[in-house]
Amino acid sequence: MDISFLKELISCARGEIPSDLLIKNGTLVNVITRELYKADITIYNNRIANVAIPGSLDPKNTKKQMDMTGKYISPGLIESHLHIESTMMPPSEFAKVVVPRGTTTVLLDPHEIGNALGVKGLLLLLSQSEGLPLRFLIEIPSCVPAAPGLETSAHNIDSKTIKELIEKESRFFGLGEVMNYPGVLYKDEEVLTKIVLGSKLNVVDGHSPGVSGNNLDAYIAAGPQSDHESTTAEEFLEKLRKGMRVMAREGSLTKDLRNVLKAVKGTNLDLRNCLMASDDRNIIDLLRNGHLDTQLRIAVEEGLPPLSVLQMATINPATYLGLENEIGSIAPGKIADMVIFEDLKQFKVDSVIFGGKVVFKDKNLKWIFSEPEFPFWAIDTVKLPPNFNHESLRATISLVDGTYLTRVIEVLPHSVITGALEENLQVKNGWIHPAPEKDILSLSVIERYGINGNIANAFIKGFGIKSKNFAMATTVAHDCHNLIVAGTDHNVMVNAAKELHRIKGGYVVIAEDKTQRLPLPYGGLMTLEPYSILHDQLIQLNSIFKDITEFDEPLMALSFMALSVIPHLKLTDKGLVDVGKFTFTNLIIH
């Protein structure tokens with residue numbers, strides 16, 4: 001703020017010049033003192049001028065009034081950790097979906113775009129995030145690739161690149177989640193250099209699934225400040241006690257909120273370091289259930305006080321971000337980001353104010369959106385290896401025919417953690433055969449950027465597919481986003497991969513004589529269509545699973561099967577990875 005504007009804001013607060021907006025007769029949600037009380041609020045330009053006793057402000061000394069009788073005026077909601085790519089929407093479409101739910105600020109870690117499109121993709125995302133009724137705080141990904149040496153990435157954002165981005169581009173807000181926690185524990189110089197560089201920014205995001213005890217101490221001591229990977233109350237509480245900003249996560253696949261809140265429910269613990277994050281949420285979930293408002297509802301259902309819950313989505317993340325003097329609460333001088341709720345149980349949104357402007361009211365967005373631009377290089381990223389055919393997807397091996405104990409990835413419901421099974425599979429004619437009758441499917445990861453044409457093959461169990469001719473394929477394969485395909489039959493898997501190439505990325509599912517597809521050409525990750533069309537396409541795509549499996553979100557689960565920084569077994573284009581040992585392992589157990 002310059003001095004000229006400060007003088008005007010002071011004059012407005014003193015009643016010497018009219019405010020732009022008077023919000024009267026509402027109940028203020030004061031997340032600073034954890035109180036509810038009646039208050040009138042004035043806004044001048046993008047800032048709050050007054051928070052006053054009801055009736056004490058001159059209703060004639062304003063340009064516009066909003067009567068909020070019976071409603072609750074809360075700070076705008078702040079998302080602490082999000083991968084926008086998992087919503088499958090570019091920033092403008094994402095804003096159209098979440099702003100009506102009360103979200104006014106999101107912290108984005110775009111390491112999916114970083115892996116698929118590199119620095120050019122990050123800069124494109126920065127540009128697309130401007131001029132919207134939603135504040136995007138965008139981090140520099142720390143792990144592109146997430147697991148160096150274990151997979152092929154189209155791009156490499158190393159410490160030198162991060163240093164250059166920090167020096168040349170002031171719009172980057174923080175360092176994205178430090179997923180390579182083994183690299184931290186083993187004191188890898190490149191990983192530690194990135195953390196030191198990130199300390200010059202506002203935040204260094206963490207990622208430490210299942211890490212505890214001395215290893216957790218070492219990880220925290222290295223500099224990562226937060227964690228969103230807790231799946232149990234015990235893990236959540238240990239990280240909270242050790243000073244981390246701990247995010248209670250509720251994604252479309254990873255539903256951890258109810259579990260982790262058991263750590264603080266019914267206690268006198270100070271919750272100032274408790275935040276909320278969705279991490280990965282798809283369009284169906286967002287439209288059906290909501291964004292952070294969903295998590296507020298769940299937390300209140302679990303018995304937490306509404307004011308404590310709202311702190312977790314407002315002032316707590318604002319403090320973590322170092323923005324508590326700007327956003328996260330309703331007080332004079334703060335940026336006027338507000339959400340007006342009809343109640344503090346269901347958290348139904350009446351209106352949303354962003355930067356002093358009413359951007360949602362009467363069930364309608366009050367914002368004119370411009371169309372984002374998508375350069376050709378950002379929408380043509382899917383290439384298949386030469387001579388790609390069904391034999392490419394066979395797990396070949398030099399063994400005589402027989403039955404062999406084989407490592408199999410176990411997919412688990414509502415979790416990105418996988419099990420490591422040992423199953424008897426048949427070797428015949430030089431390759432290991434899947435066993436769909438035992439729910440063991442073939443799984444392949446194909447390098448899709450035209451770099452080396454790598455293909456690695458393995459097996460997966462747990463999807464419960466009841467279809468003999470089945471395959472599902474996607475270019476959404478965290479984090480390098482190579483092409484991943486699973487199926488009962490290699491020929492069907494090839495057809496799915498080829499169709500995925502034709503539509504330039506996204507999802508393809510084939511079951512018997514039915515084929516459903518969802519094109520995501522933007523980096524092979526996001527749509528070019530309006531969110532309503534994306535929603536309908538995803539509904540149609542998921543409908544193919546209705547009669548063939550009871551597994552929830554099989555496509556999102558498949559997307560995490562190449563994520564070689566989450567225990568226990570994963571498959572990359574270079575082979576089967578034992579995540580605990582951070583090394584490759586054999587399919588056959590000798």
# chains A, B, ... in the order shown; residues from 1 in each chain; ligands from 1

call {"tool": "residues_around", "arguments": {"residues": "Leu21 of chain A", "least_positions_apart": "6", "cutoff": "9 Å", "atoms": "only C-alpha atoms", "output": "list of chain:residue names"}}
result
A:Ile41, A:Thr42, A:Ile43, A:Tyr44, A:Asn45, A:Thr62, A:Lys63, A:Lys64, A:Gln65, A:Met66, A:Gly356, A:Lys357

call {"tool": "select_by_dssp", "arguments": {"residues": "segment 178-310 of chain A", "states": "helix (DSSP H, G or I)", "output": "VMD selection string"}}
result
chain A and resid 181 to 185 189 to 198 213 to 222 233 to 241 257 to 261 283 to 288 292 to 301 306 to 310

call {"tool": "closest_residue", "arguments": {"among": "A:Asn289, A:Thr152, A:Asn25, A:Asn46", "to": "Val358 of chain A", "atoms": "only C-alpha atoms"}}
result
A:Asn46

call {"tool": "closest_atom_pairs", "arguments": {"of": "segment 80-192 of chain A", "to": "segment 551-563 of chain A", "cutoff": "10 Å", "atoms": "only C-alpha atoms", "output": "tab-separated table"}}
result
residue	atom	partner	partner_atom	distance
A:Ser86	CA	A:Met556	CA	8.8
A:Ala146	CA	A:Leu563	CA	8.2
A:Ala147	CA	A:Leu563	CA	8.6
A:Glu151	CA	A:Ala562	CA	8.9

call {"tool": "write_last_selection", "arguments": {"atoms": "N, CA and C atoms", "output": "PDB file, in the first residue's frame"}}
result
ATOM      1  N   SER A  86      -4.679 -32.488 -10.415  1.00  0.00           N
ATOM      2  CA  SER A  86      -5.570 -33.592 -10.049  1.00  0.00           C
ATOM      3  C   SER A  86      -7.037 -33.216 -10.200  1.00  0.00           C
ATOM      4  N   ALA A 146      10.585 -36.808  -9.027  1.00  0.00           N
ATOM      5  CA  ALA A 146      10.405 -37.100  -7.611  1.00  0.00           C
ATOM      6  C   ALA A 146      11.461 -38.078  -7.106  1.00  0.00           C
ATOM      7  N   ALA A 147      11.834 -39.009  -7.963  1.00  0.00           N
ATOM      8  CA  ALA A 147      12.783 -40.050  -7.553  1.00  0.00           C
ATOM      9  C   ALA A 147      13.868 -40.191  -8.614  1.00  0.00           C
ATOM     10  N   GLU A 151      13.139 -43.338 -12.370  1.00  0.00           N
ATOM     11  CA  GLU A 151      12.144 -43.162 -13.423  1.00  0.00           C
ATOM     12  C   GLU A 151      12.655 -42.159 -14.445  1.00  0.00           C
TER      13      GLU A 151
END

call {"tool": "closest_atom_pairs", "arguments": {"of": "segment 178-295 of chain A", "to": "segment 165-168 of chain A", "cutoff": "9 Å", "atoms": "only C-alpha atoms", "output": "JSON lines"}}
result
{"residue": "A:Leu197", "atom": "CA", "partner": "A:Ile166", "partner_atom": "CA", "distance": 8.2}
{"residue": "A:Gly198", "atom": "CA", "partner": "A:Ile166", "partner_atom": "CA", "distance": 8.5}
{"residue": "A:Lys200", "atom": "CA", "partner": "A:Ile166", "partner_atom": "CA", "distance": 8.4}
{"residue": "A:Leu201", "atom": "CA", "partner": "A:Ile166", "partner_atom": "CA", "distance": 8.0}

call {"tool": "residues_around", "arguments": {"residues": "segment 385-395 of chain A", "least_positions_apart": "5", "cutoff": "9 Å", "atoms": "only C-alpha atoms", "output": "number ranges by chain"}}
result
A: 430-433, 442-448, 450, 452-459, 489-494, 587

call {"tool": "write_last_selection", "arguments": {"atoms": "C-alpha atoms", "output": "PDB file, in the first residue's frame"}}
result
ATOM      1  CA  GLY A 430       9.498 -66.913 -21.454  1.00  0.00           C
ATOM      2  CA  TRP A 431       7.107 -64.541 -19.730  1.00  0.00           C
ATOM      3  CA  ILE A 432       5.133 -64.265 -16.491  1.00  0.00           C
ATOM      4  CA  HIS A 433       1.389 -64.542 -16.987  1.00  0.00           C
ATOM      5  CA  SER A 442      -0.895 -56.902 -15.770  1.00  0.00           C
ATOM      6  CA  LEU A 443       0.514 -53.447 -15.083  1.00  0.00           C
ATOM      7  CA  SER A 444       2.815 -51.482 -17.393  1.00  0.00           C
ATOM      8  CA  VAL A 445       4.450 -48.070 -17.320  1.00  0.00           C
ATOM      9  CA  ILE A 446       5.508 -46.609 -20.680  1.00  0.00           C
ATOM     10  CA  GLU A 447       7.809 -43.602 -21.081  1.00  0.00           C
ATOM     11  CA  ARG A 448       5.602 -41.217 -23.070  1.00  0.00           C
ATOM     12  CA  GLY A 450       9.796 -39.804 -26.722  1.00  0.00           C
ATOM     13  CA  ASN A 452      13.950 -43.524 -24.508  1.00  0.00           C
ATOM     14  CA  GLY A 453      10.806 -45.610 -25.063  1.00  0.00           C
ATOM     15  CA  ASN A 454      11.230 -47.495 -21.780  1.00  0.00           C
ATOM     16  CA  ILE A 455       8.547 -49.985 -20.802  1.00  0.00           C
ATOM     17  CA  ALA A 456       8.434 -51.818 -17.470  1.00  0.00           C
ATOM     18  CA  ASN A 457       5.937 -54.534 -16.659  1.00  0.00           C
ATOM     19  CA  ALA A 458       4.634 -55.941 -13.381  1.00  0.00           C
ATOM     20  CA  PHE A 459       1.419 -57.063 -11.686  1.00  0.00           C
ATOM     21  CA  ASP A 489      -5.328 -58.825 -21.641  1.00  0.00           C
ATOM     22  CA  HIS A 490      -2.257 -57.327 -23.332  1.00  0.00           C
ATOM     23  CA  ASN A 491      -3.997 -56.725 -26.661  1.00  0.00           C
ATOM     24  CA  VAL A 492      -6.729 -54.738 -24.934  1.00  0.00           C
ATOM     25  CA  MET A 493      -4.063 -52.834 -23.016  1.00  0.00           C
ATOM     26  CA  VAL A 494      -2.339 -51.918 -26.292  1.00  0.00           C
ATOM     27  CA  LEU A 587       9.532 -59.565  -9.883  1.00  0.00           C
TER      28      LEU A 587
END

call {"tool": "closest_residue", "arguments": {"among": "A:Ser564, A:Leu22, A:Ile340, A:Lys7", "to": "Gly70 of chain A", "atoms": "only C-alpha atoms"}}
result
A:Ile340

call {"tool": "residues_around", "arguments": {"residues": "Ala331 of chain A", "least_positions_apart": "6", "cutoff": "10 Å", "atoms": "only C-alpha atoms", "output": "list in words"}}
result
Asn30, Ile32, Ile41, Arg47, Ile48, Ala49, Asn50, Val51, Ala52, Pro75 and Asn325 of chain A

call {"tool": "residues_around", "arguments": {"residues": "Leu292 of chain A", "least_positions_apart": "4", "cutoff": "8 Å", "atoms": "only C-alpha atoms", "output": "number ranges by chain"}}
result
A: 77-79, 101-103, 276-278, 296, 313

call {"tool": "closest_residue", "arguments": {"among": "A:Ile284, A:Leu9, A:Met338, A:Ala218", "to": "Thr105 of chain A", "atoms": "only C-alpha atoms"}}
result
A:Met338
